[in-house]
Amino acid sequence: MPKIKAYAAQSPTTPLAPFEIQRRAPGPEDVRIQILFCGVCHSDLHTARGEWRGTLYPCVPGHEIVGRVVAVGERVQNFKIGDLAGVGCMVDSCGHCAPCQEGEEQYCDNGFTGTYNGPVFGGENTYGGYSQAIVVKESFVLRIKHAEQDLASVAPLLCAGITLYSPLRHWGAGPGKRIGIVGLGGLGHMGVKLAHAMGAHVTLFTTSSGKIADGKRLGADEVCISTDPDQMAAQRGKLDLIVNTVAASHDLDAYLTLLKRDGTMTLVGVPPEPHPAPNVFNLIFRRRRIAGSLIGGIRETQEMLDFCAAHGITSDIEKISMDYIDTAYDRMLKSDVKYRFVIDMASLA
Ligand code: NAP
Ligand code: ZN
């Protein structure tokens, strides 16, 4: 196969720059997708800049991929040339362990293969969506039912969307439930939209006073400025579930005290440094839980995409060109994104 254009980080400290990669020729079960748009996840930044250590270089990030099918292997059943398709955070898993059999490939006992940075337990590097095309086996390719003109705004559903949809479903977000979403970034703004569409009462917790109006427009019933002690005190003991998307180490107790008895705070943000240990009193006195949640399985990702298409949900995006990526990362660190950057891959050509 001829080489294609991509963007890669060569080390934790060098800006991303043009790089050429080769994709495998599609095998019998493979789909080749011409990438049209790719969302920019905070995980891309953590990985490209080596914040989680473990980064394989050269690093081509990008796991919110949408595009058009341009080739299919002979055994591919559900895609044909010309279809719109998506790829999220995984491109493979073992397929035979219990989590894989249960459709929870993200918890594969043998480690799924990330769309970028390779298998989670070590192995050959993989290159993600900051590139012109990708070849993925059909069982890890998602169908897109949104209108084609919404395609760029659909890209972030492939990671930000499923990362919030899965815990909201797992912990029963719906009518009569009070849900807190912490952080109005890429993940958080999808959480507000999804929890609202599921019929729950949504309270957004943000450090940015400039995001109050947007929070409400996106579907929050209440917006609480998390740096204001009086506003936080007013929320004490009120919430059934908190989904915490913050990408930096912070005080978890401030949020644990907002849970009802038996309430859960699930962490989805993955800060480079650990959170300070929470106060045990805040857990034992109302039997509260701290949990974690990782993206979602392929079946659930398809369910989420179909749910979003049926409810008219997409991401609020700012379209950027590929060469803007480091500026986009720097703005993301300042919480200056409304609410997901999406790379127009035409800018790579
Ligand atoms: P993002 O767009 O940068 O949003 C994070 C938001 O957190 C910010 O917009 C900001 O919201 C808030 N925030 C940032 N720093 C903060 C601080 N020091 N204290 C309090 N709030 C702060 O990032 P993202 O793409 O949504 O990703 C969020 C995290 O989730 C990252 O760590 C990413 O790696 C992780 N992630 C996890 C999974 C998973 O499967 N578990 C999947 C994807 C991403 P406000 O301005 O509203 O305060
Ligand atoms: Zn992501």
# chains A, B, ... in the order shown; residues from 1 in each chain; ligands from 1
>>> closest_atom_pairs(of="segment 102-180 of chain A", to="segment 43-66 of chain A", cutoff="10 Å", atoms="only C-alpha atoms", output="JSON lines")
{"residue": "A:Gly114", "atom": "CA", "partner": "A:His63", "partner_atom": "CA", "distance": 8.5}
{"residue": "A:Thr115", "atom": "CA", "partner": "A:His63", "partner_atom": "CA", "distance": 6.0}
{"residue": "A:Tyr116", "atom": "CA", "partner": "A:Pro61", "partner_atom": "CA", "distance": 5.7}
{"residue": "A:Asn117", "atom": "CA", "partner": "A:Leu56", "partner_atom": "CA", "distance": 5.8}
{"residue": "A:Gly118", "atom": "CA", "partner": "A:Leu56", "partner_atom": "CA", "distance": 8.0}
{"residue": "A:Val120", "atom": "CA", "partner": "A:Gly54", "partner_atom": "CA", "distance": 9.4}
{"residue": "A:Gly122", "atom": "CA", "partner": "A:Gly54", "partner_atom": "CA", "distance": 9.2}
{"residue": "A:Gly123", "atom": "CA", "partner": "A:Leu56", "partner_atom": "CA", "distance": 9.7}
{"residue": "A:Glu124", "atom": "CA", "partner": "A:Leu56", "partner_atom": "CA", "distance": 8.8}
{"residue": "A:Asn125", "atom": "CA", "partner": "A:Leu56", "partner_atom": "CA", "distance": 6.3}
{"residue": "A:Thr126", "atom": "CA", "partner": "A:Val60", "partner_atom": "CA", "distance": 7.9}
{"residue": "A:Tyr127", "atom": "CA", "partner": "A:Val60", "partner_atom": "CA", "distance": 4.9}
{"residue": "A:Gly128", "atom": "CA", "partner": "A:Gly62", "partner_atom": "CA", "distance": 4.7}
{"residue": "A:Gly129", "atom": "CA", "partner": "A:Gly62", "partner_atom": "CA", "distance": 4.1}
{"residue": "A:Tyr130", "atom": "CA", "partner": "A:Gly62", "partner_atom": "CA", "distance": 5.4}
{"residue": "A:Ser131", "atom": "CA", "partner": "A:Val60", "partner_atom": "CA", "distance": 7.8}
{"residue": "A:Ala133", "atom": "CA", "partner": "A:Ile65", "partner_atom": "CA", "distance": 9.7}
{"residue": "A:Ile134", "atom": "CA", "partner": "A:Ile65", "partner_atom": "CA", "distance": 9.1}
{"residue": "A:Val141", "atom": "CA", "partner": "A:Val66", "partner_atom": "CA", "distance": 9.9}
{"residue": "A:Leu142", "atom": "CA", "partner": "A:Val66", "partner_atom": "CA", "distance": 9.1}
{"residue": "A:Arg143", "atom": "CA", "partner": "A:Val66", "partner_atom": "CA", "distance": 9.8}
{"residue": "A:Ile144", "atom": "CA", "partner": "A:Val66", "partner_atom": "CA", "distance": 8.6}
{"residue": "A:Leu151", "atom": "CA", "partner": "A:Val66", "partner_atom": "CA", "distance": 7.1}
{"residue": "A:Ala152", "atom": "CA", "partner": "A:Val66", "partner_atom": "CA", "distance": 7.5}
{"residue": "A:Ser153", "atom": "CA", "partner": "A:Val66", "partner_atom": "CA", "distance": 9.7}
{"residue": "A:Val154", "atom": "CA", "partner": "A:Val66", "partner_atom": "CA", "distance": 7.6}
{"residue": "A:Ala155", "atom": "CA", "partner": "A:Glu64", "partner_atom": "CA", "distance": 5.1}
{"residue": "A:Pro156", "atom": "CA", "partner": "A:Glu64", "partner_atom": "CA", "distance": 5.4}
{"residue": "A:Leu157", "atom": "CA", "partner": "A:Glu64", "partner_atom": "CA", "distance": 7.1}
{"residue": "A:Leu158", "atom": "CA", "partner": "A:Glu64", "partner_atom": "CA", "distance": 5.0}
{"residue": "A:Cys159", "atom": "CA", "partner": "A:Glu64", "partner_atom": "CA", "distance": 5.8}
{"residue": "A:Ala160", "atom": "CA", "partner": "A:Glu64", "partner_atom": "CA", "distance": 8.2}
{"residue": "A:Gly161", "atom": "CA", "partner": "A:Glu64", "partner_atom": "CA", "distance": 9.7}
>>> residues_around(residues="Leu252 of chain A", least_positions_apart="4", cutoff="9 Å", atoms="only C-alpha atoms", output="ChimeraX atom specification")
/A:256-257,275-279
>>> closest_residue(among="A:Lys137, A:Arg32, A:Lys319, A:Lys193", to="Ala346 of chain A", atoms="only C-alpha atoms")
A:Lys319
>>> closest_residue(among="A:Cys89, A:Ala147, A:Leu305, A:Val69", to="Cys41 of chain A", atoms="only C-alpha atoms")
A:Cys89
>>> residues_around(residues="Tyr255 of chain A", least_positions_apart="6", cutoff="9 Å", atoms="only C-alpha atoms", output="MDAnalysis selection string")
chainID A and resid 182 232 236 242 244 265
>>> residues_near_ligand(ligand="ligand 1", cutoff="8 Å", atoms="only C-alpha atoms and all ligand atoms", output="CSV table (one decimal) with N, CA, C and O atoms, in the first residue's frame")
chain,number,residue,atom,x,y,z
A,40,VAL,N,-10.7,15.7,18.7
A,40,VAL,CA,-9.4,15.8,19.5
A,40,VAL,C,-9.8,15.6,21.0
A,40,VAL,O,-10.5,16.4,21.6
A,41,CYS,N,-9.4,14.4,21.5
A,41,CYS,CA,-9.7,14.0,22.9
A,41,CYS,C,-8.6,14.5,23.8
A,41,CYS,O,-7.4,14.5,23.4
A,42,HIS,N,-8.9,14.8,25.1
A,42,HIS,CA,-7.8,15.1,26.0
A,42,HIS,C,-6.8,13.9,26.1
A,42,HIS,O,-5.6,14.1,26.4
A,43,SER,N,-7.3,12.7,25.9
A,43,SER,CA,-6.4,11.5,25.9
A,43,SER,C,-5.3,11.6,24.9
A,43,SER,O,-4.2,11.1,25.0
A,44,ASP,N,-5.6,12.3,23.7
A,44,ASP,CA,-4.6,12.5,22.7
A,44,ASP,C,-3.5,13.3,23.2
A,44,ASP,O,-2.3,13.0,23.0
A,45,LEU,N,-3.9,14.3,23.9
A,45,LEU,CA,-2.8,15.2,24.5
A,45,LEU,C,-2.0,14.5,25.6
A,45,LEU,O,-0.8,14.5,25.6
A,46,HIS,N,-2.7,13.8,26.5
A,46,HIS,CA,-2.0,13.0,27.6
A,46,HIS,C,-1.0,12.1,26.9
A,46,HIS,O,0.1,11.9,27.4
A,159,CYS,N,-15.7,8.7,21.1
A,159,CYS,CA,-15.0,8.6,22.4
A,159,CYS,C,-15.8,9.3,23.5
A,159,CYS,O,-16.3,8.7,24.4
A,160,ALA,N,-15.9,10.7,23.3
A,160,ALA,CA,-16.6,11.5,24.4
A,160,ALA,C,-18.0,11.0,24.6
A,160,ALA,O,-18.4,10.8,25.7
A,163,THR,N,-18.0,7.4,26.3
A,163,THR,CA,-17.5,7.4,27.7
A,163,THR,C,-18.5,7.9,28.7
A,163,THR,O,-18.4,7.6,29.9
A,182,VAL,N,-19.3,16.6,36.2
A,182,VAL,CA,-18.2,17.5,36.6
A,182,VAL,C,-17.3,17.8,35.4
A,182,VAL,O,-16.7,16.9,34.9
A,183,GLY,N,-17.2,19.1,35.1
A,183,GLY,CA,-16.3,19.5,34.0
A,183,GLY,C,-17.1,19.7,32.7
A,183,GLY,O,-17.7,18.7,32.2
A,184,LEU,N,-17.1,20.9,32.1
A,184,LEU,CA,-17.8,21.0,30.9
A,184,LEU,C,-16.7,21.2,29.8
A,184,LEU,O,-16.4,22.2,29.3
A,185,GLY,N,-16.2,20.0,29.4
A,185,GLY,CA,-15.2,19.9,28.3
A,185,GLY,C,-15.9,19.0,27.3
A,185,GLY,O,-17.1,18.9,27.2
A,186,GLY,N,-15.0,18.3,26.5
A,186,GLY,CA,-15.5,17.4,25.5
A,186,GLY,C,-16.4,16.3,26.1
A,186,GLY,O,-17.5,16.1,25.6
A,187,LEU,N,-15.9,15.6,27.1
A,187,LEU,CA,-16.7,14.5,27.7
A,187,LEU,C,-17.9,15.1,28.4
A,187,LEU,O,-19.0,14.6,28.3
A,188,GLY,N,-17.7,16.1,29.2
A,188,GLY,CA,-18.7,16.7,30.1
A,188,GLY,C,-19.9,17.2,29.3
A,188,GLY,O,-21.1,17.0,29.7
A,189,HIS,N,-19.6,17.9,28.2
A,189,HIS,CA,-20.8,18.5,27.4
A,189,HIS,C,-21.6,17.4,26.8
A,189,HIS,O,-22.8,17.5,26.7
A,205,PHE,N,-21.3,20.8,37.1
A,205,PHE,CA,-20.3,21.4,38.0
A,205,PHE,C,-19.2,21.9,37.2
A,205,PHE,O,-18.6,21.1,36.5
A,206,THR,N,-19.0,23.2,37.2
A,206,THR,CA,-17.9,23.8,36.4
A,206,THR,C,-17.1,24.7,37.2
A,206,THR,O,-17.6,25.4,38.1
A,207,THR,N,-15.8,24.8,36.8
A,207,THR,CA,-14.9,25.9,37.4
A,207,THR,C,-15.0,27.2,36.6
A,207,THR,O,-14.5,28.2,37.1
A,208,SER,N,-15.7,27.2,35.5
A,208,SER,CA,-15.7,28.3,34.6
A,208,SER,C,-17.0,29.0,34.6
A,208,SER,O,-18.0,28.6,34.1
A,211,LYS,N,-19.3,29.5,31.6
A,211,LYS,CA,-20.0,28.4,30.9
A,211,LYS,C,-21.4,28.1,31.4
A,211,LYS,O,-22.1,27.1,31.1
A,226,SER,N,-18.2,25.2,40.9
A,226,SER,CA,-17.6,24.3,41.9
A,226,SER,C,-16.5,25.0,42.8
A,226,SER,O,-16.2,24.4,43.8
A,245,THR,N,-15.4,14.1,35.0
A,245,THR,CA,-14.6,14.1,33.7
A,245,THR,C,-13.3,14.9,33.9
A,245,THR,O,-12.6,15.0,32.9
A,246,VAL,N,-13.0,15.4,35.0
A,246,VAL,CA,-11.9,16.3,35.2
A,246,VAL,C,-10.6,15.6,34.8
A,246,VAL,O,-10.3,14.5,35.3
A,247,ALA,N,-9.7,16.3,34.0
A,247,ALA,CA,-8.5,15.7,33.5
A,247,ALA,C,-7.3,16.1,34.4
A,247,ALA,O,-6.2,15.8,34.1
A,248,ALA,N,-7.6,16.6,35.6
A,248,ALA,CA,-6.5,17.0,36.5
A,248,ALA,C,-6.8,16.5,37.9
A,248,ALA,O,-7.9,16.3,38.3
A,249,SER,N,-5.7,16.2,38.7
A,249,SER,CA,-5.8,15.7,40.0
A,249,SER,C,-6.6,16.8,40.9
A,249,SER,O,-6.3,18.0,40.8
A,250,HIS,N,-7.6,16.4,41.7
A,250,HIS,CA,-8.3,17.3,42.5
A,250,HIS,C,-8.9,16.6,43.7
A,250,HIS,O,-8.9,15.4,43.8
A,267,LEU,N,-15.4,7.9,38.1
A,267,LEU,CA,-14.3,8.7,37.6
A,267,LEU,C,-14.1,8.3,36.1
A,267,LEU,O,-14.0,7.1,35.9
A,268,VAL,N,-14.1,9.3,35.2
A,268,VAL,CA,-13.8,8.9,33.8
A,268,VAL,C,-12.5,9.8,33.4
A,268,VAL,O,-11.8,9.4,32.5
A,269,GLY,N,-12.3,10.9,34.1
A,269,GLY,CA,-11.1,11.7,33.8
A,269,GLY,C,-9.9,10.9,34.3
A,269,GLY,O,-10.0,10.2,35.3
A,270,VAL,N,-8.8,11.0,33.6
A,270,VAL,CA,-7.6,10.2,33.9
A,270,VAL,C,-6.4,11.2,34.1
A,270,VAL,O,-5.6,11.3,33.2
A,271,PRO,N,-6.3,11.8,35.2
A,271,PRO,CA,-5.2,12.8,35.4
A,271,PRO,C,-3.9,12.1,35.5
A,271,PRO,O,-3.8,10.9,35.9
A,272,PRO,N,-2.8,12.8,35.0
A,272,PRO,CA,-1.5,12.2,35.0
A,272,PRO,C,-1.0,11.9,36.5
A,272,PRO,O,-0.3,10.9,36.7
A,292,GLY,N,-15.1,3.6,38.6
A,292,GLY,CA,-14.4,4.1,37.3
A,292,GLY,C,-15.2,3.5,36.2
A,292,GLY,O,-15.9,2.5,36.3
A,293,SER,N,-14.9,4.0,35.0
A,293,SER,CA,-15.6,3.5,33.8
A,293,SER,C,-14.7,3.8,32.6
A,293,SER,O,-14.2,5.0,32.5
A,294,LEU,N,-14.6,2.9,31.7
A,294,LEU,CA,-13.7,3.0,30.5
A,294,LEU,C,-14.6,2.9,29.2
A,294,LEU,O,-15.2,1.9,29.0
A,295,ILE,N,-14.5,4.0,28.4
A,295,ILE,CA,-15.3,4.1,27.2
A,295,ILE,C,-16.5,3.2,27.2
A,295,ILE,O,-17.3,3.3,28.1
A,296,GLY,N,-16.7,2.2,26.2
A,296,GLY,CA,-17.8,1.3,26.2
A,296,GLY,C,-17.5,0.3,25.1
A,296,GLY,O,-16.6,0.5,24.3
A,332,MET,N,-7.0,23.5,25.1
A,332,MET,CA,-7.7,22.5,25.9
A,332,MET,C,-7.2,22.6,27.3
A,332,MET,O,-8.0,22.4,28.3
A,333,LEU,N,-5.9,22.8,27.5
A,333,LEU,CA,-5.4,22.8,28.9
A,333,LEU,C,-5.9,24.0,29.7
A,333,LEU,O,-6.0,24.0,30.9
A,334,LYS,N,-6.4,25.0,28.9
A,334,LYS,CA,-6.9,26.2,29.6
A,334,LYS,C,-8.5,26.2,29.6
A,334,LYS,O,-9.1,27.2,29.9
A,335,SER,N,-9.0,25.0,29.4
A,335,SER,CA,-10.5,24.8,29.3
A,335,SER,C,-11.1,25.7,28.3
A,335,SER,O,-12.2,26.2,28.5
A,336,ASP,N,-10.4,26.1,27.3
A,336,ASP,CA,-10.8,27.0,26.3
A,336,ASP,C,-11.2,26.3,25.0
A,336,ASP,O,-10.6,26.4,24.0
A,337,VAL,N,-12.3,25.5,25.1
A,337,VAL,CA,-12.8,24.8,23.9
A,337,VAL,C,-14.3,24.6,24.0
A,337,VAL,O,-14.8,24.2,25.1
A,339,TYR,N,-17.2,22.6,22.2
A,339,TYR,CA,-16.7,21.9,23.4
A,339,TYR,C,-15.8,20.8,23.0
A,339,TYR,O,-15.3,20.0,23.8
A,340,ARG,N,-15.5,20.7,21.6
A,340,ARG,CA,-14.6,19.7,21.1
A,340,ARG,C,-14.0,20.2,19.8
A,340,ARG,O,-14.7,20.7,19.0
>>> select_by_dssp(residues="segment 285-344 of chain A", states="alpha helix (DSSP H)", output="PyMOL selection string")
chain A and resi 298-311+325-333
>>> residues_around(residues="Ile313 of chain A", least_positions_apart="4", cutoff="8 Å", atoms="only C-alpha atoms", output="tab-separated table (two decimals) with N, CA, C and O atoms, in the first residue's frame")
chain	number	residue	atom	x	y	z
A	193	LYS	N	-25.71	16.55	27.66
A	193	LYS	CA	-26.71	16.28	26.61
A	193	LYS	C	-27.35	14.91	26.79
A	193	LYS	O	-28.56	14.75	26.65
A	194	LEU	N	-26.51	13.89	27.05
A	194	LEU	CA	-27.03	12.52	27.12
A	194	LEU	C	-27.90	12.31	28.35
A	194	LEU	O	-28.99	11.72	28.26
A	308	CYS	N	-28.19	8.71	19.75
A	308	CYS	CA	-27.90	10.12	19.41
A	308	CYS	C	-28.57	10.51	18.09
A	308	CYS	O	-29.12	11.61	17.98
A	309	ALA	N	-28.54	9.61	17.11
A	309	ALA	CA	-29.20	9.92	15.83
A	309	ALA	C	-30.70	10.10	16.06
A	309	ALA	O	-31.32	11.03	15.54
>>> residues_around(residues="segment 169-171 of chain A", least_positions_apart="5", cutoff="12 Å", atoms="only C-alpha atoms", output="PDB file with C-alpha atoms, in the first residue's frame")
ATOM      1  CA  ILE A 162     -19.624   6.588  24.603  1.00  0.00           C
ATOM      2  CA  THR A 163     -17.461   7.404  27.656  1.00  0.00           C
ATOM      3  CA  LEU A 164     -20.431   9.233  29.169  1.00  0.00           C
ATOM      4  CA  LYS A 177     -32.545  10.369  38.968  1.00  0.00           C
ATOM      5  CA  ARG A 178     -30.357  13.341  39.813  1.00  0.00           C
ATOM      6  CA  ILE A 179     -27.089  13.268  37.913  1.00  0.00           C
ATOM      7  CA  GLY A 191     -22.683  13.952  29.516  1.00  0.00           C
ATOM      8  CA  LEU A 194     -27.028  12.519  27.119  1.00  0.00           C
ATOM      9  CA  ALA A 195     -28.224  12.577  30.739  1.00  0.00           C
ATOM     10  CA  ALA A 197     -31.989  13.113  26.808  1.00  0.00           C
ATOM     11  CA  MET A 198     -32.300  10.094  29.122  1.00  0.00           C
ATOM     12  CA  GLY A 199     -34.763  12.125  31.203  1.00  0.00           C
ATOM     13  CA  ALA A 200     -32.617  12.686  34.298  1.00  0.00           C
ATOM     14  CA  ASP A 240     -27.640   9.754  42.772  1.00  0.00           C
ATOM     15  CA  LEU A 241     -24.694   9.645  40.390  1.00  0.00           C
ATOM     16  CA  ILE A 242     -21.772  11.900  39.562  1.00  0.00           C
ATOM     17  CA  VAL A 243     -19.714  11.404  36.422  1.00  0.00           C
ATOM     18  CA  ASP A 262     -25.713   4.614  48.103  1.00  0.00           C
ATOM     19  CA  GLY A 263     -24.784   7.218  45.519  1.00  0.00           C
ATOM     20  CA  THR A 264     -21.870   6.629  43.147  1.00  0.00           C
ATOM     21  CA  MET A 265     -19.224   8.916  41.757  1.00  0.00           C
ATOM     22  CA  THR A 266     -17.637   7.340  38.713  1.00  0.00           C
ATOM     23  CA  ARG A 289     -19.052   4.512  46.204  1.00  0.00           C
ATOM     24  CA  ALA A 291     -16.080   3.825  40.717  1.00  0.00           C
ATOM     25  CA  GLY A 292     -14.419   4.055  37.341  1.00  0.00           C
ATOM     26  CA  SER A 293     -15.601   3.500  33.785  1.00  0.00           C
ATOM     27  CA  LEU A 294     -13.715   3.041  30.530  1.00  0.00           C
ATOM     28  CA  ILE A 295     -15.258   4.050  27.165  1.00  0.00           C
ATOM     29  CA  GLY A 296     -17.821   1.348  26.199  1.00  0.00           C
ATOM     30  CA  GLU A 300     -22.967  -0.212  23.293  1.00  0.00           C
ATOM     31  CA  THR A 301     -21.119   2.313  21.114  1.00  0.00           C
ATOM     32  CA  GLU A 303     -26.438   1.744  20.620  1.00  0.00           C
ATOM     33  CA  MET A 304     -25.162   5.197  21.687  1.00  0.00           C
ATOM     34  CA  PHE A 307     -29.619   6.861  20.404  1.00  0.00           C
TER      35      PHE A 307
END
>>> closest_residue(among="A:Val87, A:Met322, A:Leu239, A:Asp316", to="Arg217 of chain A", atoms="only C-alpha atoms")
A:Asp316
>>> atom_distance(atom1="atom CA of Gln132 of chain A", atom2="atom CA of Gly73 of chain A")
19.1 Å
>>> closest_residue(among="A:Ser321, A:Ala98, A:Arg288, A:Ser11", to="Leu258 of chain A", atoms="only C-alpha atoms")
A:Arg288
